[in-house]
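For reference, the structure discussed in these notes is given below.
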Amino acid sequence: MRATIRLGRIAGVRIGVHWSVLVIFAVITVGLARNRLPDARPGYSWAAYWVVGLLTAAVFFASLLAHELAHAVVARRNGIDVDDIVLWLLGGVARLKGEASNPGAELRIAGVGPLVSLALGIMFGLCAWLVNVTSGGGLAVEAPAWLAAINILLAVFNSIPAAPLDGGRLLRALLWWRTGDRLRAITGAAAAGRGFGWFLVIFGLFLFARGDAFGGLWPALIGWFLVAAATMEARQAHLRETLAGIPVRNAMTREPVTVSESTTVAEFLLGPHYRYPHSAFPVTDHVGAPVGLLTLDTARHVVEQRRGTVTAGEIMLPLSQVTVVGPDDPLAELLPRLESGPEHRVLVVDDGRLLGLLSPSDVTRMVTWLVTTDPRRRGR
Ligand SMILES: [Zn+2]
């Protein structure tokens with residue numbers, strides 16, 4: 001899930017939203033303004049319901065963000081870099097650049113999220129109670145009361161021991177600690193995740209069959225997402241196991257074709273030496289040091305008339321936004337950050353010198369080679 005819009009940084013962590021967050025924001029705001037608030041506290045103007053509905057939905061997303069920020073901050077304290085936090089249709093995701101190194105770290109990183117939601121729930125509950133005794137009820141009570149309920153619900157739902165929910169990570173930490181086998185722990189938590197996911201799908205279909213199409217949609221959607229994500233986690237864990245001990249340099253494409261930052265878009269698109277079956281090229285400065293990554297797609301988006309003047313350096317993805325690794329970094333550690341798409345190339349740099357380029361297909365090739373030549377890596 002990549003952010004459509006970047007909102008900035010909080011505590012050094014990049015925050016972004018995916019466009020799908022608008023859907024859930026609208027569902028919540030409309031639900032509050034049209035149903036929940038008027039039903040619970042009748043007699044206000046429609047404008048009052050909409051204003052309170054909007055504000056409440058905004059505070060709800062701030063609580064989601066607080067939950068994810070807690071994961072991110074604790075992850076960083078446990079030595080794991082955080083890519084960013086993205087809010088989307090089904091909540092928030094804090095994307096970590098690595099994996100916990102021991103069960104204790106896993107437990108702390110996963111556990112803090114539901115704890116924050118629970119603390120927020122209690123805080124909003126106290127707010128509602130205080131407003132109720134001092135001002136005697138009304139919309140000003142209903143908003144924090146709803147926020148209290150939804151945050152406590154979030155804490156409880158996220159604690160269900162099914163990957164990729166926080167509870168699934170807690171289960172993984174527990175299994176890992178009990179067996180000392182990380183892969184078995186991940187496989188176990190993922191199996192629980194798939195089981196719970198299918199349960200939600202069937203529950204959603206059951207509601208659907210009873211005529212509650214909208215009520216059935218969410219469990220089915222969340223269930224489907226859990227099944228897919230849990231399956232993916234188990235697969236990645238097996239992949240990591242297969243790639244254990246393999247450095248990046250063994251899989252990378254060596255001496256990739258580069259583009260100078262002063263090359264114009266026209267030269268780049270028409271130049272015969274760029275007619276390779278690649279869709280992304282490292283960009284280098286006048287001394288040949290890597291400064292960014294240019295995709296064919298970005299270049300094609302430059303309007304025809306400007307292609308003669310716009311340079312690669314102006315439209316490239318700067319190095320700060322590209323994943324850069326060293327040649328001896330373990331390949332397995334890269335897996336969570338290797339997504340498909342041309343902009344997801346990884347630059348392999350040593351001492352400021354570009355050594356190679358790594359794409360998901362390079363990794364796939366490596367895996368195929370490993371399982372065909374080394375039977376011990378097969379089917380683990
Ligand atoms: Zn969480």
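Here's how to read the names in the structure tokens: chain A, B, ... by the order shown, residue numbers from 1 in each chain, ligand numbers from 1 in the order shown.
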Within 6 Å of ligand 1, counting only C-alpha atoms and all ligand atoms, which protein or nucleic acid residues do you find, written as a VMD selection string? chain A and resid 68 113 166
Those of stretch 301-371 of chain A in DSSP alpha helix (DSSP H), formatted as a PyMOL selection string: chain A and resi 312-315+331-334+360-371
Export of prior selection with N, CA and C atoms as a PDB file, in the first residue's frame:
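After the write, result_32.pdb holds the following:
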```pdb
ATOM      1  N   ALA A 312      17.329  14.577 -17.064  1.00  0.00           N
ATOM      2  CA  ALA A 312      17.090  13.420 -16.195  1.00  0.00           C
ATOM      3  C   ALA A 312      17.161  13.824 -14.727  1.00  0.00           C
ATOM      4  N   GLY A 313      18.137  14.711 -14.416  1.00  0.00           N
ATOM      5  CA  GLY A 313      18.322  15.148 -13.030  1.00  0.00           C
ATOM      6  C   GLY A 313      17.109  15.859 -12.466  1.00  0.00           C
ATOM      7  N   GLU A 314      16.330  16.490 -13.353  1.00  0.00           N
ATOM      8  CA  GLU A 314      15.168  17.263 -12.880  1.00  0.00           C
ATOM      9  C   GLU A 314      13.958  16.391 -12.575  1.00  0.00           C
ATOM     10  N   ILE A 315      13.828  15.266 -13.270  1.00  0.00           N
ATOM     11  CA  ILE A 315      12.614  14.461 -13.085  1.00  0.00           C
ATOM     12  C   ILE A 315      12.853  13.125 -12.381  1.00  0.00           C
ATOM     13  N   LEU A 331      20.359 -10.410   1.334  1.00  0.00           N
ATOM     14  CA  LEU A 331      19.248 -10.279   0.400  1.00  0.00           C
ATOM     15  C   LEU A 331      17.899 -10.468   1.101  1.00  0.00           C
ATOM     16  N   ALA A 332      17.867 -11.402   2.046  1.00  0.00           N
ATOM     17  CA  ALA A 332      16.619 -11.733   2.737  1.00  0.00           C
ATOM     18  C   ALA A 332      16.032 -10.521   3.465  1.00  0.00           C
ATOM     19  N   GLU A 333      16.909  -9.659   3.995  1.00  0.00           N
ATOM     20  CA  GLU A 333      16.435  -8.493   4.746  1.00  0.00           C
ATOM     21  C   GLU A 333      15.716  -7.487   3.844  1.00  0.00           C
ATOM     22  N   LEU A 334      15.991  -7.578   2.542  1.00  0.00           N
ATOM     23  CA  LEU A 334      15.419  -6.624   1.588  1.00  0.00           C
ATOM     24  C   LEU A 334      13.978  -6.960   1.212  1.00  0.00           C
ATOM     25  N   PRO A 360      12.802  -7.023  -8.344  1.00  0.00           N
ATOM     26  CA  PRO A 360      12.143  -8.235  -7.853  1.00  0.00           C
ATOM     27  C   PRO A 360      12.432  -9.444  -8.749  1.00  0.00           C
ATOM     28  N   SER A 361      12.575  -9.201 -10.080  1.00  0.00           N
ATOM     29  CA  SER A 361      12.819 -10.357 -10.949  1.00  0.00           C
ATOM     30  C   SER A 361      14.214 -10.945 -10.749  1.00  0.00           C
ATOM     31  N   ASP A 362      15.183 -10.081 -10.317  1.00  0.00           N
ATOM     32  CA  ASP A 362      16.515 -10.610  -9.981  1.00  0.00           C
ATOM     33  C   ASP A 362      16.402 -11.585  -8.810  1.00  0.00           C
ATOM     34  N   VAL A 363      15.544 -11.208  -7.840  1.00  0.00           N
ATOM     35  CA  VAL A 363      15.382 -12.055  -6.655  1.00  0.00           C
ATOM     36  C   VAL A 363      14.691 -13.361  -7.033  1.00  0.00           C
ATOM     37  N   THR A 364      13.658 -13.259  -7.880  1.00  0.00           N
ATOM     38  CA  THR A 364      12.947 -14.459  -8.327  1.00  0.00           C
ATOM     39  C   THR A 364      13.916 -15.416  -9.017  1.00  0.00           C
ATOM     40  N   ARG A 365      14.794 -14.857  -9.876  1.00  0.00           N
ATOM     41  CA  ARG A 365      15.771 -15.672 -10.590  1.00  0.00           C
ATOM     42  C   ARG A 365      16.694 -16.380  -9.605  1.00  0.00           C
ATOM     43  N   MET A 366      17.122 -15.627  -8.588  1.00  0.00           N
ATOM     44  CA  MET A 366      18.012 -16.188  -7.561  1.00  0.00           C
ATOM     45  C   MET A 366      17.326 -17.350  -6.839  1.00  0.00           C
ATOM     46  N   VAL A 367      16.065 -17.146  -6.481  1.00  0.00           N
ATOM     47  CA  VAL A 367      15.325 -18.177  -5.747  1.00  0.00           C
ATOM     48  C   VAL A 367      15.204 -19.432  -6.601  1.00  0.00           C
ATOM     49  N   THR A 368      14.850 -19.254  -7.867  1.00  0.00           N
ATOM     50  CA  THR A 368      14.714 -20.393  -8.778  1.00  0.00           C
ATOM     51  C   THR A 368      16.030 -21.149  -8.867  1.00  0.00           C
ATOM     52  N   TRP A 369      17.109 -20.389  -9.010  1.00  0.00           N
ATOM     53  CA  TRP A 369      18.432 -20.999  -9.107  1.00  0.00           C
ATOM     54  C   TRP A 369      18.769 -21.769  -7.831  1.00  0.00           C
ATOM     55  N   LEU A 370      18.488 -21.149  -6.677  1.00  0.00           N
ATOM     56  CA  LEU A 370      18.821 -21.776  -5.395  1.00  0.00           C
ATOM     57  C   LEU A 370      18.071 -23.089  -5.190  1.00  0.00           C
ATOM     58  N   VAL A 371      16.751 -23.077  -5.494  1.00  0.00           N
ATOM     59  CA  VAL A 371      15.986 -24.292  -5.221  1.00  0.00           C
ATOM     60  C   VAL A 371      16.296 -25.397  -6.229  1.00  0.00           C
TER      61      VAL A 371
END
```
Show which residues sit within 10 Å of A:Phe199, as an MDAnalysis selection string. Count only C-alpha atoms, and ignore same-chain residues fewer than 6 positions away. chainID A and resid 193 205 219:220 223:224 227
Please build the interface table for stretch 153-224 of chain A against stretch 235-243 of chain A with a cut-off of 10 Å, listing for each qualifying residue the nearest atom pair and the distance in Å to one decimal; count only C-alpha atoms, order rows by chain and increasing number, and write it as a tab-separated table.
```
residue	atom	partner	partner_atom	distance
A:Arg182	CA	A:Ala237	CA	8.9
A:Leu183	CA	A:Ala237	CA	6.3
A:Arg184	CA	A:Ala237	CA	9.3
A:Ala185	CA	A:Ala237	CA	10.0
A:Ile186	CA	A:Ala237	CA	7.0
A:Thr187	CA	A:Ala237	CA	7.8
A:Ala190	CA	A:Arg235	CA	9.5
```
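Shortest separation to A:Ala192 among A:Arg210, A:Arg178, A:Arg172, A:Arg254 occurs at residue A:Arg172, atoms counted being only C-alpha atoms.
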re atom CA of A:Gly92 and atom CA of A:Ser359: distance 26.8 Å
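Distances from A:Ala229, A:Leu107, A:Leu354, A:Val265 to A:Asp285 were compared using only C-alpha atoms, and the smallest one belongs to A:Leu354.
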Could you pull out the strand (DSSP E or B) residues of stretch 47-89 of chain A, going by DSSP on the backbone, and write them as a ChimeraX atom specification? /A:82-88
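Close contacts of stretch 125-132 of chain A, defined as residues with an atom at most 9 Å away when counting only C-alpha atoms, with chain neighbours fewer than 3 positions off set aside, comprise Leu120, Gly121, Ile122, Ser135, Gly136, Gly137, Gly138, Ala140, Val141, Glu142, Ala143, Pro144, Ala145, Trp146, Leu147, Ala148 and Ala149 of chain A.
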Interatomic distance (Å, one decimal) between atom CA of A:Ala11 and atom CA of A:Val112: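 That distance, rounded to one decimal, is 16.3 Å.
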A:Pro42 surroundings by only C-alpha atoms, 10 Å radius, close-in-sequence under 4 positions cut, as a list in words: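 The residues satisfying every condition are Arg36, Leu37, Pro38, Tyr49, Gly138 and Leu139 of chain A.
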Write the residues you've just listed into a file as a compact mmCIF listing (two decimals), in the first residue's frame, and include N, CA and C atoms for each of them.
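What follows is the written file result30.txt:
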```txt
# COMPACT_ATOMS: atom_id res chain seq x y z
N ARG A 36 -26.04 7.92 13.21
CA ARG A 36 -25.66 7.74 14.60
C ARG A 36 -26.00 8.96 15.48
N LEU A 37 -25.54 10.16 15.08
CA LEU A 37 -25.73 11.34 15.92
C LEU A 37 -27.21 11.76 16.02
N PRO A 38 -27.95 11.87 14.88
CA PRO A 38 -29.36 12.24 15.01
C PRO A 38 -30.19 11.22 15.80
N TYR A 49 -24.94 18.36 13.02
CA TYR A 49 -24.60 16.93 12.87
C TYR A 49 -23.42 16.74 11.92
N GLY A 138 -25.86 15.88 25.29
CA GLY A 138 -25.89 16.53 23.97
C GLY A 138 -24.85 15.95 23.04
N LEU A 139 -24.69 16.60 21.89
CA LEU A 139 -23.75 16.14 20.86
C LEU A 139 -22.32 16.08 21.38
```
Residues near A:Val302, anyone? I mean within 12 Å using only C-alpha atoms, not counting same-chain ones fewer than 5 positions away, as a count of residues only. 17
Return as a Markdown table the residues of stretch 354-375 of chain A lying at most 7 Å from stretch 343-347 of chain A, together with the closest atom-to-atom pair for each and the distance in Å to one decimal, counting only C-alpha atoms, with rows in chain order and ascending residue number.
```
| residue | atom | partner | partner_atom | distance |
| --- | --- | --- | --- | --- |
| A:Gly356 | CA | A:Leu347 | CA | 6.2 |
| A:Leu357 | CA | A:Leu347 | CA | 4.9 |
| A:Leu358 | CA | A:Val346 | CA | 5.0 |
| A:Ser359 | CA | A:Arg345 | CA | 5.0 |
```
Counting only C-alpha atoms, figure out which residue out of A:Leu65, A:Leu171, A:Leu87, A:Leu270 gets nearest to A:Glu106. A:Leu171
Min atom-atom distance to A:Leu89 from the set A:Ala57, A:Leu69, A:Val23, A:Leu118, counting only C-alpha atoms, belongs to A:Val23
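With only C-alpha atoms as the atoms that count, the minimum distance from A:Trp19 to the choices A:Asn35, A:Pro103, A:Gln321, A:Ala3 is reached by A:Ala3.
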Smallest atom-to-atom distance to A:Leu7: which of A:Val74, A:Ile85, A:Ile80, A:Leu64, using only C-alpha atoms?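 Of the candidates, the smallest distance to A:Leu7 is held by A:Ile85.
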